[in-house]
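Colleague: Structure: upload-v3.pdb, PDB, C-alpha atoms.
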ATOM      1  CA  MET P  28       0.000   0.000   0.000
ATOM      2  CA  THR P  29       1.368   3.416  -0.928
ATOM      3  CA  PRO P  30       1.713   6.073   1.783
ATOM      4  CA  GLU P  31      -0.918   8.144  -0.031
ATOM      5  CA  ALA P  32      -3.473   5.323   0.321
ATOM      6  CA  ARG P  33      -2.908   4.803   4.044
ATOM      7  CA  THR P  34      -5.090   6.439   6.683
ATOM      8  CA  ASN P  35      -3.769   8.853   9.288
ATOM      9  CA  ALA P  36      -4.221   6.144  11.911
ATOM     10  CA  GLU P  37      -2.083   3.720   9.892
ATOM     11  CA  LEU P  38       0.613   6.332   9.338
ATOM     12  CA  PHE P  39       0.551   7.268  13.031
ATOM     13  CA  SER P  40       0.834   3.849  14.607
ATOM     14  CA  HIS P  41       1.244   4.244  18.355
ATOM     15  CA  VAL P  42       0.827   1.869  21.293
ATOM     16  CA  THR P  43      -1.012   3.383  24.245
ATOM     17  CA  VAL P  44       0.946   2.833  27.455
ATOM     18  CA  MET P  45      -0.267   2.874  31.048
ATOM     19  CA  LEU P  46      -3.904   3.091  29.947
ATOM     20  CA  GLU P  47      -5.409   1.258  32.924
ATOM     21  CA  GLU P  48      -3.219   3.099  35.434
ATOM     22  CA  THR P  49      -4.158   6.450  33.921
ATOM     23  CA  LEU P  50      -7.878   5.711  33.851
ATOM     24  CA  ARG P  51      -7.800   4.342  37.381
ATOM     25  CA  SER P  52      -6.165   7.581  38.537
ATOM     26  CA  ILE P  53      -8.603   9.889  36.731
ATOM     27  CA  ARG P  54     -11.729   7.793  37.404
ATOM     28  CA  PRO P  55     -13.796   8.935  34.414
ATOM     29  CA  ARG P  56     -17.545   9.125  34.972
ATOM     30  CA  ALA P  57     -20.633   9.888  32.931
ATOM     31  CA  GLY P  58     -20.967  13.594  32.316
ATOM     32  CA  GLY P  59     -17.311  14.281  33.120
ATOM     33  CA  VAL P  60     -15.135  16.554  31.011
ATOM     34  CA  TYR P  61     -11.496  15.628  30.496
ATOM     35  CA  ALA P  62      -8.498  17.168  28.770
ATOM     36  CA  ASP P  63      -5.961  15.017  26.963
ATOM     37  CA  ALA P  64      -2.995  17.336  26.607
ATOM     38  CA  THR P  65      -1.431  15.279  23.801
ATOM     39  CA  PRO P  66      -3.900  12.774  22.357
ATOM     40  CA  GLY P  67      -1.355  11.229  19.965
ATOM     41  CA  GLY P  68      -3.107   8.248  18.402
ATOM     42  CA  GLY P  69      -6.159   8.683  20.644
ATOM     43  CA  GLY P  70      -5.790   5.698  22.990
ATOM     44  CA  HIS P  71      -6.161   7.500  26.320
ATOM     45  CA  ALA P  72      -8.931   9.715  24.946
ATOM     46  CA  GLU P  73     -10.764   6.620  23.700
ATOM     47  CA  GLY P  74     -10.548   5.072  27.164
ATOM     48  CA  LEU P  75     -11.856   8.258  28.768
ATOM     49  CA  LEU P  76     -14.756   8.442  26.322
ATOM     50  CA  GLU P  77     -15.683   4.784  26.744
ATOM     51  CA  ARG P  78     -15.673   5.015  30.541
ATOM     52  CA  SER P  79     -17.498   8.338  30.690
ATOM     53  CA  ALA P  80     -20.371   7.217  28.444
ATOM     54  CA  PRO P  81     -22.951   8.200  27.542
ATOM     55  CA  ASP P  82     -22.184  11.911  27.781
ATOM     56  CA  GLY P  83     -18.617  12.444  29.001
ATOM     57  CA  ARG P  84     -16.421  14.686  26.865
ATOM     58  CA  VAL P  85     -12.746  14.942  25.951
ATOM     59  CA  ILE P  86     -10.874  17.982  24.681
ATOM     60  CA  GLY P  87      -7.632  16.886  23.045
ATOM     61  CA  VAL P  88      -4.765  19.297  22.356
ATOM     62  CA  ASP P  89      -1.774  18.347  20.216
ATOM     63  CA  ARG P  90       0.874  20.200  18.200
ATOM     64  CA  ASP P  91       1.236  17.347  15.726
ATOM     65  CA  GLU P  92      -1.265  17.488  12.848
ATOM     66  CA  ALA P  93      -0.613  13.818  11.987
ATOM     67  CA  ALA P  94      -1.421  12.844  15.561
ATOM     68  CA  LEU P  95      -4.626  14.904  15.477
ATOM     69  CA  GLY P  96      -5.617  13.255  12.194
ATOM     70  CA  ALA P  97      -5.058   9.796  13.656
ATOM     71  CA  ALA P  98      -6.975  10.689  16.818
ATOM     72  CA  ARG P  99      -9.793  12.185  14.736
ATOM     73  CA  GLU P 100     -10.155   8.892  12.827
ATOM     74  CA  ARG P 101      -9.938   6.697  15.909
ATOM     75  CA  LEU P 102     -12.396   8.808  17.911
ATOM     76  CA  SER P 103     -14.893   9.589  15.143
ATOM     77  CA  ARG P 104     -17.458   7.168  16.589
ATOM     78  CA  PHE P 105     -17.816   9.458  19.634
ATOM     79  CA  GLY P 106     -19.087  12.379  17.525
ATOM     80  CA  ASP P 107     -19.393  15.698  19.326
ATOM     81  CA  ARG P 108     -18.216  14.186  22.618
ATOM     82  CA  VAL P 109     -14.652  14.829  21.463
ATOM     83  CA  THR P 110     -13.060  18.133  20.469
ATOM     84  CA  LEU P 111      -9.557  18.095  18.992
ATOM     85  CA  VAL P 112      -7.539  21.299  18.843
ATOM     86  CA  HIS P 113      -4.182  22.063  17.254
ATOM     87  CA  GLY P 114      -2.116  23.714  19.964
ATOM     88  CA  ALA P 115       0.463  23.321  22.686
ATOM     89  CA  PHE P 116       0.156  21.934  26.205
ATOM     90  CA  ALA P 117       1.259  25.333  27.525
ATOM     91  CA  GLU P 118      -1.842  26.871  25.911
ATOM     92  CA  LEU P 119      -4.270  24.448  27.561
ATOM     93  CA  ARG P 120      -5.991  27.057  29.768
ATOM     94  CA  SER P 121      -6.733  29.414  26.866
ATOM     95  CA  ILE P 122      -7.765  26.514  24.598
ATOM     96  CA  LEU P 123     -10.225  25.241  27.193
ATOM     97  CA  ASP P 124     -11.635  28.749  27.610
ATOM     98  CA  GLY P 125     -11.851  29.066  23.816
ATOM     99  CA  VAL P 126     -13.982  25.928  23.467
ATOM    100  CA  GLY P 127     -16.250  27.022  26.322
ATOM    101  CA  THR P 128     -14.882  24.566  28.887
ATOM    102  CA  PRO P 129     -13.350  26.588  31.724
ATOM    103  CA  ARG P 130     -13.346  23.576  34.092
ATOM    104  CA  VAL P 131     -12.403  19.928  33.584
ATOM    105  CA  ASP P 132     -12.646  16.877  35.817
ATOM    106  CA  GLY P 133      -9.235  15.517  34.880
ATOM    107  CA  VAL P 134      -6.189  16.150  32.703
ATOM    108  CA  ILE P 135      -3.788  13.727  31.077
ATOM    109  CA  PRO P 136      -0.513  15.635  30.655
ATOM    110  CA  ASP P 137       1.337  13.169  28.421
ATOM    111  CA  LEU P 138       4.890  14.412  28.742
ATOM    112  CA  GLY P 139       6.594  11.350  27.278
ATOM    113  CA  VAL P 140       8.264  10.728  23.954
ATOM    114  CA  ASN P 141       6.081  10.341  20.879
ATOM    115  CA  SER P 142       7.657   7.434  18.989
ATOM    116  CA  PRO P 143       5.928   8.117  15.625
ATOM    117  CA  GLN P 144       7.480  11.596  15.661
ATOM    118  CA  LEU P 145      10.911  10.092  16.262
ATOM    119  CA  ASP P 146      10.293   7.632  13.423
ATOM    120  CA  ARG P 147       9.589  10.543  11.050
ATOM    121  CA  ALA P 148      12.560  12.650  12.210
TER
END
With the file now loaded, output its structure as structure tokens.
Modeller:
Amino acid sequence: MTPEARTNAELFSHVTVMLEETLRSIRPRAGGVYADATPGGGGHAEGLLERSAPDGRVIGVDRDEAALGAARERLSRFGDRVTLVHGAFAELRSILDGVGTPRVDGVIPDLGVNSPQLDRA
């Protein structure tokens, strides 16, 4: 398959790490609003959305357009429960204000290395 024919999710292959530990710490619930400060491939956001059904929300912020594209594909089944924004972790407060969400119930500040970015470097 040519790179042009592959989806964003296929091009941005990423294994979600520490999913259960993260979700156990945040304890997502129905109606909760969560920020994923770097959604990457969307694994943590997907877990948050599944465990906060039917109406929990996730706002994802990432600088990497490829990561946002992959997350958008992976999370499309959640519809308007997910909002993905191109931006930096340092801008999280203003981004949350900008999407009308001044308060969240939990934040995932993924500060680790993004292996797909290293693969492309």
Colleague: May I have the residues within 9 Å of range 42-59 of chain P as a PyMOL selection string, using all atoms listed in the file and disregarding those fewer than 5 positions away in the same chain?
Modeller: chain P and resi 67-71+74-85+131-135
Colleague: Rank nothing, just name the residue among P:Ala115, P:Asp107, P:Leu102, P:Ile122 nearest to Asp137 in chain P, using all atoms listed in the file.
Modeller: P:Ala115
Colleague: If you measure from CA of Asp63 in chain P to CA of Pro136 in chain P, what distance in Å do you get, rounded to one decimal?
Modeller: 6.6 Å
Colleague: Rounded to one decimal, what separation in Å do you get between CA of Glu92 in chain P and CA of Tyr61 in chain P?
Modeller: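 Distance between the two atoms: 20.5 Å.
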Colleague: Give me, please, the distance in Å between CA of Gly96 in chain P and CA of Glu118 in chain P, quoted to one decimal.
Modeller: 19.7 Å
Colleague: Can you list, as a PDB file with C-alpha atoms, keeping the file's coordinate frame, the residues that the PyMOL selection byres ((chain P and resi 101) around 10) selects here?
Modeller:
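So the final result, stored in selection_28.pdb, reads:
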ATOM      1  CA  ASN P  35      -3.769   8.853   9.288  1.00  0.00           C
ATOM      2  CA  ALA P  36      -4.221   6.144  11.911  1.00  0.00           C
ATOM      3  CA  GLY P  68      -3.107   8.248  18.402  1.00  0.00           C
ATOM      4  CA  GLY P  69      -6.159   8.683  20.644  1.00  0.00           C
ATOM      5  CA  GLY P  70      -5.790   5.698  22.990  1.00  0.00           C
ATOM      6  CA  ALA P  72      -8.931   9.715  24.946  1.00  0.00           C
ATOM      7  CA  GLU P  73     -10.764   6.620  23.700  1.00  0.00           C
ATOM      8  CA  LEU P  95      -4.626  14.904  15.477  1.00  0.00           C
ATOM      9  CA  GLY P  96      -5.617  13.255  12.194  1.00  0.00           C
ATOM     10  CA  ALA P  97      -5.058   9.796  13.656  1.00  0.00           C
ATOM     11  CA  ALA P  98      -6.975  10.689  16.818  1.00  0.00           C
ATOM     12  CA  ARG P  99      -9.793  12.185  14.736  1.00  0.00           C
ATOM     13  CA  GLU P 100     -10.155   8.892  12.827  1.00  0.00           C
ATOM     14  CA  LEU P 102     -12.396   8.808  17.911  1.00  0.00           C
ATOM     15  CA  SER P 103     -14.893   9.589  15.143  1.00  0.00           C
ATOM     16  CA  ARG P 104     -17.458   7.168  16.589  1.00  0.00           C
ATOM     17  CA  PHE P 105     -17.816   9.458  19.634  1.00  0.00           C
TER      18      PHE P 105
END
Colleague: If the PyMOL selection byres ((chain P and resi 114) around 12) is run on the structure shown, which residues does it catch, given as a count of residues only?
Modeller: 26
Colleague: Reconstruct range 87-98 of chain P at the level of all heavy atoms, and format the result as a CSV table (one decimal), in the coordinates of the input.
Modeller:
chain,number,residue,atom,x,y,z
P,87,GLY,N,-9.0,17.3,23.3
P,87,GLY,CA,-7.6,16.9,23.0
P,87,GLY,C,-6.8,18.0,22.4
P,87,GLY,O,-7.4,18.7,21.5
P,88,VAL,N,-5.6,18.2,22.9
P,88,VAL,CA,-4.8,19.3,22.4
P,88,VAL,C,-3.4,18.7,21.9
P,88,VAL,O,-2.8,18.0,22.8
P,88,VAL,CB,-4.5,20.4,23.4
P,88,VAL,CG1,-3.6,21.5,22.9
P,88,VAL,CG2,-5.9,21.0,23.9
P,89,ASP,N,-3.0,18.9,20.7
P,89,ASP,CA,-1.8,18.3,20.2
P,89,ASP,C,-1.2,19.3,19.2
P,89,ASP,O,-1.9,19.9,18.4
P,89,ASP,CB,-2.0,17.0,19.6
P,89,ASP,CG,-0.8,16.1,19.7
P,89,ASP,OD1,0.3,16.5,19.2
P,89,ASP,OD2,-0.9,15.0,20.2
P,90,ARG,N,0.2,19.4,19.2
P,90,ARG,CA,0.9,20.2,18.2
P,90,ARG,C,1.0,19.5,16.9
P,90,ARG,O,1.3,20.1,15.9
P,90,ARG,CB,2.3,20.6,18.7
P,90,ARG,CG,2.2,21.4,19.9
P,90,ARG,CD,3.6,21.8,20.3
P,90,ARG,NE,3.8,23.2,20.0
P,90,ARG,CZ,4.7,23.9,20.5
P,90,ARG,NH1,5.6,23.4,21.3
P,90,ARG,NH2,4.8,25.2,20.2
P,91,ASP,N,0.9,18.2,16.9
P,91,ASP,CA,1.2,17.3,15.7
P,91,ASP,C,0.0,17.1,14.9
P,91,ASP,O,-1.0,16.4,15.4
P,91,ASP,CB,1.8,16.0,16.2
P,91,ASP,CG,2.3,15.1,15.1
P,91,ASP,OD1,1.8,15.2,14.0
P,91,ASP,OD2,3.2,14.3,15.3
P,92,GLU,N,-0.1,17.7,13.7
P,92,GLU,CA,-1.3,17.5,12.8
P,92,GLU,C,-1.5,16.0,12.5
P,92,GLU,O,-2.7,15.6,12.4
P,92,GLU,CB,-1.1,18.3,11.6
P,92,GLU,CG,-1.2,19.8,11.8
P,92,GLU,CD,-2.6,20.3,12.1
P,92,GLU,OE1,-3.6,19.5,12.1
P,92,GLU,OE2,-2.7,21.5,12.3
P,93,ALA,N,-0.4,15.2,12.3
P,93,ALA,CA,-0.6,13.8,12.0
P,93,ALA,C,-1.3,13.1,13.2
P,93,ALA,O,-2.1,12.2,13.0
P,93,ALA,CB,0.7,13.2,11.6
P,94,ALA,N,-0.8,13.4,14.4
P,94,ALA,CA,-1.4,12.8,15.6
P,94,ALA,C,-2.9,13.2,15.7
P,94,ALA,O,-3.7,12.4,16.0
P,94,ALA,CB,-0.7,13.3,16.8
P,95,LEU,N,-3.2,14.5,15.4
P,95,LEU,CA,-4.6,14.9,15.5
P,95,LEU,C,-5.5,14.2,14.4
P,95,LEU,O,-6.6,13.8,14.7
P,95,LEU,CB,-4.7,16.4,15.3
P,95,LEU,CG,-4.3,17.3,16.5
P,95,LEU,CD1,-4.3,18.7,16.1
P,95,LEU,CD2,-5.2,17.0,17.7
P,96,GLY,N,-4.9,14.0,13.2
P,96,GLY,CA,-5.6,13.3,12.2
P,96,GLY,C,-5.9,11.8,12.6
P,96,GLY,O,-7.0,11.3,12.4
P,97,ALA,N,-4.9,11.2,13.2
P,97,ALA,CA,-5.1,9.8,13.7
P,97,ALA,C,-6.1,9.7,14.8
P,97,ALA,O,-7.0,8.8,14.8
P,97,ALA,CB,-3.7,9.2,14.1
P,98,ALA,N,-6.0,10.7,15.7
P,98,ALA,CA,-7.0,10.7,16.8
P,98,ALA,C,-8.4,11.0,16.3
P,98,ALA,O,-9.3,10.3,16.7
P,98,ALA,CB,-6.6,11.7,17.8
